[in-house]
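Shown here: input-v1.cif, mmCIF, C-alpha atoms and all ligand atoms.
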```
data_structure
loop_
_atom_site.label_atom_id
_atom_site.label_comp_id
_atom_site.auth_asym_id
_atom_site.auth_seq_id
_atom_site.Cartn_x
_atom_site.Cartn_y
_atom_site.Cartn_z
CA MET Q 1 6.36 -45.49 -49.62
CA LYS Q 2 3.86 -45.27 -46.82
CA MET Q 3 6.72 -45.44 -44.32
CA ALA Q 4 8.55 -42.63 -46.09
CA ARG Q 5 5.43 -40.53 -46.01
CA THR Q 6 4.98 -41.16 -42.28
CA ILE Q 7 8.59 -40.16 -41.61
CA LEU Q 8 8.14 -37.01 -43.66
CA PHE Q 9 4.96 -36.17 -41.78
CA VAL Q 10 6.65 -36.63 -38.39
CA LEU Q 11 9.58 -34.51 -39.57
CA LEU Q 12 7.26 -31.74 -40.73
CA LEU Q 13 5.42 -31.84 -37.41
CA ALA Q 14 8.70 -31.59 -35.53
CA LEU Q 15 9.79 -28.66 -37.72
CA SER Q 16 6.55 -26.75 -37.26
CA GLY Q 17 6.88 -27.38 -33.53
CA CYS Q 18 10.35 -25.84 -33.60
CA SER Q 19 9.30 -22.69 -35.41
CA ARG Q 20 6.45 -22.19 -32.99
CA PHE Q 21 8.88 -22.11 -30.10
CA GLU Q 22 11.50 -20.02 -31.79
CA HIS Q 23 13.73 -17.86 -29.68
CA VAL Q 24 12.81 -14.18 -29.79
CA LYS Q 25 15.13 -11.36 -28.75
CA GLY Q 26 13.20 -8.50 -30.24
CA VAL Q 27 13.76 -4.78 -30.19
CA HIS Q 28 11.74 -1.79 -31.37
CA VAL Q 29 13.64 0.52 -33.71
CA LEU Q 30 12.31 3.94 -34.67
CA LEU Q 31 14.38 5.24 -37.55
CA GLN Q 32 13.19 8.81 -37.06
CA LYS Q 33 14.37 9.03 -33.42
CA PRO Q 34 17.14 11.65 -33.02
CA GLU Q 35 19.48 9.18 -31.25
CA VAL Q 36 19.20 6.75 -34.15
CA ARG Q 37 19.64 9.45 -36.78
CA GLN Q 38 22.62 10.99 -35.00
CA ARG Q 39 24.44 7.70 -34.71
CA TYR Q 40 23.81 6.17 -38.13
CA GLY Q 41 22.64 8.98 -40.38
CA GLY Q 42 21.32 7.03 -43.33
CA GLU Q 43 23.79 4.12 -42.85
CA MET Q 44 21.29 1.31 -42.50
CA GLY Q 45 24.03 -1.32 -42.83
CA ALA Q 46 25.83 0.02 -39.77
CA LEU Q 47 22.61 -0.10 -37.74
CA ALA Q 48 21.87 -3.64 -38.88
CA ASP Q 49 25.45 -4.70 -37.99
CA GLU Q 50 25.06 -3.43 -34.43
CA LEU Q 51 21.70 -5.18 -34.06
CA LYS Q 52 23.31 -8.40 -35.24
CA GLU Q 53 26.16 -8.00 -32.75
CA ALA Q 54 23.59 -7.57 -29.99
CA GLY Q 55 22.08 -10.94 -30.90
CA VAL Q 56 18.77 -9.43 -32.00
CA THR Q 57 16.47 -11.91 -33.79
CA HIS Q 58 13.46 -9.66 -34.50
CA VAL Q 59 13.39 -5.93 -35.25
CA ILE Q 60 10.01 -4.24 -34.91
CA VAL Q 61 9.72 -1.10 -37.00
CA PRO Q 62 6.71 1.17 -37.51
CA VAL Q 63 6.01 1.34 -41.25
CA MET Q 64 3.27 3.98 -41.12
CA GLU Q 65 1.67 6.44 -38.77
CA ASP Q 66 -1.60 8.29 -39.24
CA GLY Q 67 -1.79 9.10 -42.95
CA THR Q 68 1.94 8.80 -43.58
CA ALA Q 69 3.66 5.76 -45.05
CA TYR Q 70 7.36 5.22 -44.35
CA TYR Q 71 7.76 3.46 -47.70
CA PRO Q 72 6.73 4.33 -51.28
CA SER Q 73 2.97 3.87 -50.93
CA ASP Q 74 0.04 4.25 -53.29
CA VAL Q 75 -2.54 3.49 -50.60
CA LEU Q 76 -1.70 6.03 -47.88
CA PRO Q 77 -2.21 9.75 -48.59
CA GLN Q 78 1.25 10.93 -47.45
CA ARG Q 79 4.89 9.81 -47.53
CA TRP Q 80 7.65 10.60 -45.05
CA GLU Q 81 10.70 12.66 -45.77
CA TYR Q 82 13.35 9.95 -45.55
CA GLY Q 83 12.69 8.48 -48.97
CA THR Q 84 13.56 4.79 -49.23
CA GLU Q 85 15.56 4.53 -45.99
CA LEU Q 86 13.16 2.03 -44.46
CA LEU Q 87 13.39 -0.14 -47.54
CA ALA Q 88 17.19 -0.04 -47.31
CA PHE Q 89 17.00 -0.99 -43.62
CA ARG Q 90 14.71 -3.89 -44.46
CA HIS Q 91 17.24 -5.24 -47.00
CA ALA Q 92 20.15 -4.72 -44.60
CA LEU Q 93 18.34 -6.87 -42.01
CA ARG Q 94 17.60 -9.60 -44.52
CA ARG Q 95 21.27 -9.83 -45.49
CA ARG Q 96 22.11 -10.39 -41.82
CA ASN Q 97 19.36 -12.91 -41.25
CA ILE Q 98 17.43 -10.76 -38.79
CA ASN Q 99 13.63 -10.89 -38.92
CA PHE Q 100 12.00 -7.66 -40.00
CA VAL Q 101 8.62 -7.11 -38.34
CA ALA Q 102 6.40 -4.33 -39.72
CA GLN Q 103 4.40 -2.53 -37.03
CA ILE Q 104 1.02 -1.26 -38.23
CA PRO Q 105 -1.53 0.67 -36.16
CA ILE Q 106 -5.09 -0.26 -37.06
CA PHE Q 107 -7.92 1.73 -35.47
CA ARG Q 108 -5.82 4.73 -34.44
CA ASP Q 109 -5.13 7.26 -37.15
CA ASP Q 110 -5.04 10.99 -36.60
CA TYR Q 111 -5.15 11.82 -40.32
CA THR Q 112 -8.39 9.89 -40.84
CA TYR Q 113 -9.75 11.19 -37.54
CA ARG Q 114 -9.36 14.77 -38.80
CA SER Q 115 -10.54 14.13 -42.34
CA GLN Q 116 -13.50 11.79 -41.71
CA PRO Q 117 -15.53 13.00 -38.71
CA ALA Q 118 -18.27 10.44 -39.41
CA ILE Q 119 -16.07 7.51 -38.32
CA ARG Q 120 -14.82 9.01 -35.05
CA ALA Q 121 -15.63 6.56 -32.26
CA VAL Q 122 -18.58 7.42 -30.00
CA ASP Q 123 -18.73 6.62 -26.27
CA GLU Q 124 -21.73 5.48 -24.25
CA PHE Q 125 -22.72 9.09 -23.56
CA GLY Q 126 -23.05 9.69 -27.27
CA SER Q 127 -19.90 11.84 -27.32
CA ARG Q 128 -16.96 11.89 -29.69
CA THR Q 129 -14.74 14.10 -27.52
CA GLY Q 130 -13.23 11.15 -25.62
CA SER Q 131 -11.96 9.51 -28.77
CA GLU Q 132 -10.23 12.69 -29.90
CA ASN Q 133 -7.14 12.38 -27.65
CA LEU Q 134 -6.76 8.82 -28.86
CA SER Q 135 -7.46 9.57 -32.55
CA ALA Q 136 -9.65 6.52 -32.13
CA LEU Q 137 -11.78 5.38 -35.03
CA CYS Q 138 -14.88 3.24 -35.17
CA PRO Q 139 -13.73 -0.34 -35.85
CA THR Q 140 -16.80 -1.34 -37.88
CA ASP Q 141 -16.59 1.08 -40.81
CA PRO Q 142 -16.21 -1.21 -43.87
CA ASP Q 143 -14.35 1.35 -46.00
CA TYR Q 144 -11.77 2.10 -43.33
CA ARG Q 145 -11.29 -1.61 -42.62
CA GLU Q 146 -10.67 -2.23 -46.32
CA TYR Q 147 -8.25 0.72 -46.48
CA LYS Q 148 -6.21 -0.80 -43.63
CA LEU Q 149 -6.26 -4.27 -45.19
CA LYS Q 150 -5.02 -2.75 -48.46
CA ALA Q 151 -2.25 -0.97 -46.57
CA ILE Q 152 -1.23 -4.29 -44.96
CA GLU Q 153 -1.16 -5.95 -48.38
CA GLU Q 154 0.97 -3.15 -49.77
CA VAL Q 155 3.43 -3.50 -46.89
CA MET Q 156 3.57 -7.25 -47.57
CA LEU Q 157 4.38 -6.67 -51.24
CA ILE Q 158 6.83 -3.80 -50.91
CA LEU Q 159 8.66 -4.53 -47.66
CA GLN Q 160 8.23 -8.33 -47.65
CA PRO Q 161 8.33 -8.52 -43.86
CA ASP Q 162 9.01 -11.70 -41.90
CA GLY Q 163 6.34 -10.60 -39.45
CA ILE Q 164 3.45 -8.16 -39.07
CA TYR Q 165 2.89 -6.53 -35.67
CA LEU Q 166 -0.66 -5.21 -35.33
CA ASP Q 167 -1.23 -2.38 -32.88
CA ASN Q 168 -4.49 -0.77 -31.73
CA LEU Q 169 -6.51 -3.63 -33.12
CA SER Q 170 -9.21 -2.97 -30.57
CA PHE Q 171 -12.06 -0.68 -29.68
CA PRO Q 172 -10.76 2.63 -28.28
CA LEU Q 173 -9.01 2.24 -24.95
CA GLU Q 174 -8.49 4.97 -22.41
CA GLN Q 175 -6.38 2.68 -20.24
CA THR Q 176 -4.07 0.23 -21.92
CA ASP Q 177 -2.33 -0.94 -18.85
CA ILE Q 178 -2.29 -2.84 -15.62
CA CYS Q 179 -1.03 0.07 -13.58
CA PRO Q 180 -3.73 2.71 -13.06
CA ASP Q 181 -6.21 0.20 -11.65
CA MET Q 182 -8.53 2.81 -10.22
CA LEU Q 183 -8.95 4.57 -13.55
CA VAL Q 184 -10.21 1.53 -15.42
CA ALA Q 185 -13.53 1.72 -13.60
CA HIS Q 186 -14.10 5.11 -15.24
CA SER Q 187 -13.01 4.05 -18.70
CA ARG Q 188 -15.59 4.81 -21.33
CA ASN Q 189 -17.04 2.08 -23.47
CA TYR Q 190 -17.02 2.35 -27.29
CA CYS Q 191 -18.46 2.44 -29.93
CA PHE Q 192 -22.03 3.66 -29.96
CA CYS Q 193 -22.07 5.34 -33.36
CA PRO Q 194 -25.18 4.73 -35.52
CA MET Q 195 -23.31 2.15 -37.64
CA CYS Q 196 -22.23 0.14 -34.59
CA LEU Q 197 -25.68 0.26 -33.01
CA LYS Q 198 -27.23 -1.04 -36.22
CA SER Q 199 -24.62 -3.77 -36.54
CA PHE Q 200 -25.10 -4.77 -32.88
CA SER Q 201 -28.89 -4.92 -33.13
CA GLU Q 202 -28.63 -7.15 -36.21
CA HIS Q 203 -26.02 -9.37 -34.60
CA ALA Q 204 -27.86 -9.80 -31.31
CA LEU Q 205 -31.36 -9.80 -32.88
CA ILE Q 206 -32.36 -7.07 -30.48
CA GLU Q 207 -34.86 -4.28 -31.22
CA PHE Q 208 -34.09 -1.05 -29.39
CA PRO Q 209 -36.93 0.51 -27.35
CA LYS Q 210 -38.42 3.12 -29.69
CA THR Q 211 -39.34 5.70 -27.07
CA SER Q 212 -35.89 5.93 -25.51
CA SER Q 213 -33.26 8.58 -26.17
CA ALA Q 214 -29.90 7.60 -27.67
CA ASN Q 215 -28.17 7.69 -24.28
CA GLU Q 216 -30.92 5.60 -22.68
CA ILE Q 217 -30.48 2.98 -25.38
CA ASN Q 218 -26.72 2.87 -24.74
CA GLU Q 219 -27.30 2.47 -21.02
CA TRP Q 220 -29.91 -0.20 -21.66
CA ILE Q 221 -27.43 -2.15 -23.83
CA LEU Q 222 -24.70 -2.01 -21.18
CA ASN Q 223 -27.03 -2.91 -18.31
CA ASP Q 224 -29.34 -5.49 -19.90
CA HIS Q 225 -27.41 -6.91 -22.84
CA GLU Q 226 -23.81 -6.79 -21.72
CA ASN Q 227 -22.94 -10.32 -22.81
CA ALA Q 228 -24.34 -9.80 -26.30
CA TRP Q 229 -22.52 -6.46 -26.50
CA ILE Q 230 -19.21 -8.09 -25.55
CA GLN Q 231 -19.79 -10.92 -28.00
CA TRP Q 232 -20.51 -8.45 -30.79
CA LYS Q 233 -17.41 -6.37 -29.95
CA THR Q 234 -15.06 -9.35 -29.93
CA GLY Q 235 -16.64 -10.45 -33.21
CA VAL Q 236 -15.83 -7.08 -34.83
CA ILE Q 237 -12.16 -7.37 -33.81
CA THR Q 238 -11.78 -11.07 -34.59
CA THR Q 239 -13.27 -10.79 -38.09
CA PHE Q 240 -10.75 -8.07 -38.91
CA MET Q 241 -7.93 -10.29 -37.65
CA GLU Q 242 -9.24 -13.22 -39.66
CA LYS Q 243 -9.28 -11.13 -42.84
CA ALA Q 244 -5.84 -9.65 -42.14
CA ASN Q 245 -4.47 -13.15 -41.59
CA LYS Q 246 -5.91 -14.33 -44.90
CA ARG Q 247 -4.62 -11.37 -46.89
CA ILE Q 248 -1.14 -11.64 -45.28
CA HIS Q 249 -0.85 -15.38 -45.85
CA ASN Q 250 -2.15 -15.12 -49.42
CA ILE Q 251 1.00 -13.15 -50.12
CA ASP Q 252 3.39 -14.99 -47.78
CA PRO Q 253 2.19 -18.10 -45.92
CA GLU Q 254 5.32 -17.98 -43.72
CA CYS Q 255 4.78 -14.46 -42.40
CA LYS Q 256 4.29 -14.45 -38.62
CA ILE Q 257 1.52 -12.37 -37.10
CA MET Q 258 1.93 -10.57 -33.80
CA LEU Q 259 -0.86 -8.77 -31.98
CA ASN Q 260 -0.59 -6.34 -29.10
CA VAL Q 261 -3.23 -7.18 -26.46
CA LEU Q 262 -4.20 -5.67 -23.11
CA PRO Q 263 -2.05 -7.18 -20.34
CA TRP Q 264 -5.01 -8.02 -18.15
CA LYS Q 265 -6.05 -11.40 -16.83
CA GLU Q 266 -9.28 -12.71 -18.31
CA ASP Q 267 -11.59 -11.80 -15.44
CA GLU Q 268 -9.84 -8.57 -14.48
CA HIS Q 269 -11.89 -5.34 -14.59
CA ASN Q 270 -15.07 -7.29 -15.22
CA ARG Q 271 -13.65 -9.09 -18.27
CA GLY Q 272 -12.08 -5.76 -19.29
CA ARG Q 273 -10.02 -7.04 -22.21
CA GLN Q 274 -13.11 -8.33 -23.96
CA ARG Q 275 -15.57 -5.75 -22.63
CA LEU Q 276 -13.55 -2.62 -23.42
CA ALA Q 277 -11.04 -3.67 -26.10
CA GLY Q 278 -13.11 -6.36 -27.81
CA GLN Q 279 -10.04 -8.63 -27.68
CA ASP Q 280 -10.86 -12.27 -27.05
CA VAL Q 281 -7.58 -14.17 -27.24
CA LYS Q 282 -9.42 -17.47 -27.69
CA THR Q 283 -11.12 -16.41 -30.92
CA LEU Q 284 -8.07 -14.43 -32.08
CA ALA Q 285 -5.59 -17.26 -31.49
CA PRO Q 286 -6.26 -19.19 -34.74
CA PHE Q 287 -5.15 -16.08 -36.66
CA THR Q 288 -2.25 -15.00 -34.43
CA ASP Q 289 1.24 -16.43 -33.88
CA ASN Q 290 2.24 -14.24 -30.96
CA PHE Q 291 0.30 -12.10 -28.52
CA ILE Q 292 2.42 -9.22 -27.25
CA ILE Q 293 1.90 -7.68 -23.83
CA LYS Q 294 3.23 -4.32 -22.63
CA THR Q 295 3.11 -2.34 -19.41
CA SER Q 296 3.98 1.28 -18.95
CA CYS Q 297 4.97 0.89 -15.32
CA ARG Q 298 7.53 -1.22 -13.57
CA ILE Q 299 6.12 -4.44 -12.10
CA PRO Q 300 8.06 -7.42 -10.73
CA ASP Q 301 8.92 -10.02 -13.36
CA GLU Q 302 7.01 -12.63 -11.40
CA ASN Q 303 3.79 -10.60 -11.62
CA TYR Q 304 4.32 -9.95 -15.30
CA ASP Q 305 4.87 -13.63 -15.81
CA ALA Q 306 1.65 -14.42 -13.93
CA ILE Q 307 -0.21 -12.34 -16.53
CA ARG Q 308 1.59 -14.19 -19.33
CA LEU Q 309 0.67 -17.53 -17.78
CA SER Q 310 -2.96 -16.54 -17.26
CA LEU Q 311 -3.20 -15.63 -20.95
CA LEU Q 312 -1.67 -18.98 -21.85
CA GLU Q 313 -4.21 -20.71 -19.65
CA GLU Q 314 -7.00 -18.79 -21.32
CA LEU Q 315 -5.67 -20.00 -24.67
CA GLU Q 316 -5.73 -23.63 -23.51
CA ASN Q 317 -2.48 -24.57 -25.24
CA THR Q 318 -3.39 -23.50 -28.75
CA GLY Q 319 0.31 -23.03 -29.51
CA THR Q 320 0.12 -19.24 -29.70
CA GLN Q 321 2.88 -17.63 -27.68
CA ILE Q 322 2.80 -14.64 -25.36
CA ILE Q 323 5.77 -12.27 -25.55
CA PRO Q 324 6.31 -9.63 -22.86
CA THR Q 325 7.74 -6.23 -23.75
CA ILE Q 326 10.21 -4.48 -21.47
CA GLN Q 327 9.63 -0.73 -21.74
CA LEU Q 328 12.81 1.07 -20.75
CA GLU Q 329 11.58 4.61 -21.27
CA ILE Q 330 9.36 4.49 -18.24
CA GLU Q 331 11.88 3.21 -15.73
CA PRO Q 332 13.56 5.51 -13.22
CA PRO Q 333 17.27 6.10 -13.89
CA HIS Q 334 20.09 4.57 -11.78
CA SER Q 335 18.21 1.82 -10.01
CA ALA Q 336 16.69 0.10 -13.00
CA GLU Q 337 19.72 -1.51 -14.62
CA LYS Q 338 19.73 -4.56 -12.39
CA ASP Q 339 16.00 -4.92 -12.98
CA PHE Q 340 16.56 -4.80 -16.73
CA GLN Q 341 19.19 -7.52 -16.52
CA HIS Q 342 16.87 -9.62 -14.36
CA SER Q 343 13.96 -9.18 -16.77
CA LEU Q 344 16.04 -10.17 -19.79
CA GLN Q 345 17.18 -13.28 -18.00
CA TYR Q 346 13.71 -14.05 -16.63
CA PHE Q 347 12.08 -13.89 -20.08
CA LYS Q 348 15.14 -15.17 -21.88
CA HIS Q 349 13.36 -17.33 -24.44
CA ARG Q 350 11.05 -14.67 -25.78
CA VAL Q 351 11.25 -10.99 -25.01
CA ILE Q 352 10.93 -7.63 -26.77
CA VAL Q 353 12.67 -4.45 -25.61
CA SER Q 354 11.52 -0.89 -26.29
CA ASP Q 355 13.59 0.60 -27.63
CA TRP Q 356 16.94 0.78 -29.43
CA GLY Q 357 17.07 4.61 -29.41
CA TYR Q 358 16.76 4.69 -25.62
CA MET Q 359 19.61 2.22 -25.27
CA LEU Q 360 21.82 4.28 -27.58
CA LYS Q 361 21.27 7.24 -25.30
CA ASN Q 362 21.80 5.17 -22.17
CA ARG Q 363 24.74 2.96 -23.05
CA ARG Q 364 24.68 1.03 -19.77
CA TYR Q 365 21.39 -0.48 -20.86
CA LEU Q 366 22.81 -1.25 -24.27
CA ASN Q 367 25.75 -3.09 -22.68
CA ILE Q 368 23.34 -5.21 -20.64
CA PHE Q 369 21.18 -5.84 -23.70
CA ILE Q 370 24.21 -6.97 -25.74
CA THR Q 371 25.35 -9.49 -23.12
CA GLU Q 372 21.92 -10.75 -21.93
CA PRO Q 373 20.09 -13.00 -21.92
CA ILE Q 374 22.45 -15.90 -21.57
CA ILE Q 375 20.57 -19.01 -22.55
ZN ZN O 401 -18.91 2.76 -34.38
#
```
Let me see the file written as structure tokens.
Amino acid sequence: MKMARTILFVLLLALSGCSRFEHVKGVHVLLQKPEVRQRYGGEMGALADELKEAGVTHVIVPVMEDGTAYYPSDVLPQRWEYGTELLAFRHALRRRNINFVAQIPIFRDDYTYRSQPAIRAVDEFGSRTGSENLSALCPTDPDYREYKLKAIEEVMLILQPDGIYLDNLSFPLEQTDICPDMLVAHSRNYCFCPMCLKSFSEHALIEFPKTSSANEINEWILNDHENAWIQWKTGVITTFMEKANKRIHNIDPECKIMLNVLPWKEDEHNRGRQRLAGQDVKTLAPFTDNFIIKTSCRIPDENYDAIRLSLLEELENTGTQIIPTIQLEIEPPHSAEKDFQHSLQYFKHRVIVSDWGYMLKNRRYLNIFITEPII
């Protein structure tokens, strides 16, 4: 009996090991893109068939944007015009054994930004104008956090996704990339709204100097209490992730959680990922299956891989995987096909491509995507 139990335990361990290292050939699909609509109309089965033929294992689909849900929702204020098309697509993928991953933006929401001025994120100069372009919300507001968690739960129940892909789970970011290096130095720090300042002072057990102006206090925090500030910020983001993980797994313990993180090495830009985004992959890892990285400029695969490896090193082998995204939209025409083929082969075990609509429009890329990577 004891022997049987040991064998079972070893088997389970081996199985969990396998799923952790599963092969990922992912692609972003935006159902509302004109190329996608023109080709398939509402024929979700035809779209799913072509994805299957291309060897796709994971399809990442936005399920909401701003205040609009792309499925029949009771939580979000608005619904899109395509009825239950997304639901039909989800079922078509299930029938073909393709993982459906629901993409959900967290602290970026134009609808809420317009309708609730009080939770617009505030920069270190006490201004809300910087967050406007980003529709960036304060990540500490308890009501908004609960609203997003409820939306995640609703997606879990209605769409029953195999994975959840969390986007913008960070403090507002003016630079989300590795490319415009020079600009990062001028990136504003968030959030200095009254709620965040109160939360920070309680967390760090720090009393603000009473005689100072608001801007002086912000400056004083960044200059004299930077470590505590970073620790508080990463705490705000990690506690949301912890709660999201719990609510997701309460509904489906098998659902995989993906999180988009800044593609910077740990010490880059003065610990920029933690300092600006509040993303600490070490504390997030227990609640995350895959960290996703993206760049909006073309960099050699070797450099991209160095970022992936540095994140893995930071994680100290926790088992969480890093998946790079290849963004086709930003590449120059003509010369980039060979690069695309190289990238697919280079990251052949786990890679995500953005996006299907672009490849429909540029069939040469689609042909490469269908045949690569060869494992
Ligand atoms: Zn705030």
**Study point:** Shell of 12 Å around Arg308 in chain Q, only C-alpha atoms, local chain residues under 5 positions omitted, as a ChimeraX atom specification
**Key:** /Q:261-266,290-295,301-303,313-315,320-325,347,350-351
Point to revise | Close residues to ligand ZN 401 (chain O) using only C-alpha atoms and all ligand atoms, limit 12 Å, as an MDAnalysis selection string | key: chainID Q and resid 107 117:124 126:128 131 136:142 144 170:172 189:200 232:233 236
Check your understanding: When distances are computed from all atoms listed in the file, which of Q:Glu146, Q:Glu268, Q:Trp356, Q:Ile326 shows the smallest separation from Ala48 in chain Q?
Key ->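 Among the listed residues, Q:Trp356 lies closest to Ala48 in chain Q.
Between CA of Val75 in chain Q and CA of Leu169 in chain Q the separation is 19.3 Å.
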**Study point:** Distance query Leu87 in chain Q at most 9 Å, only C-alpha atoms, self and fewer than 6 positions along chain excluded, as a ChimeraX atom specification
**Key:** /Q:70-72,158-159
Check your understanding: With distances taken over all atoms listed in the file, which of Q:Glu254, Q:Glu65, Q:Glu216, Q:Asp74 is nearest to Pro161 in chain Q?
Key ->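 Result for the nearest residue to Pro161 in chain Q: Q:Glu254.
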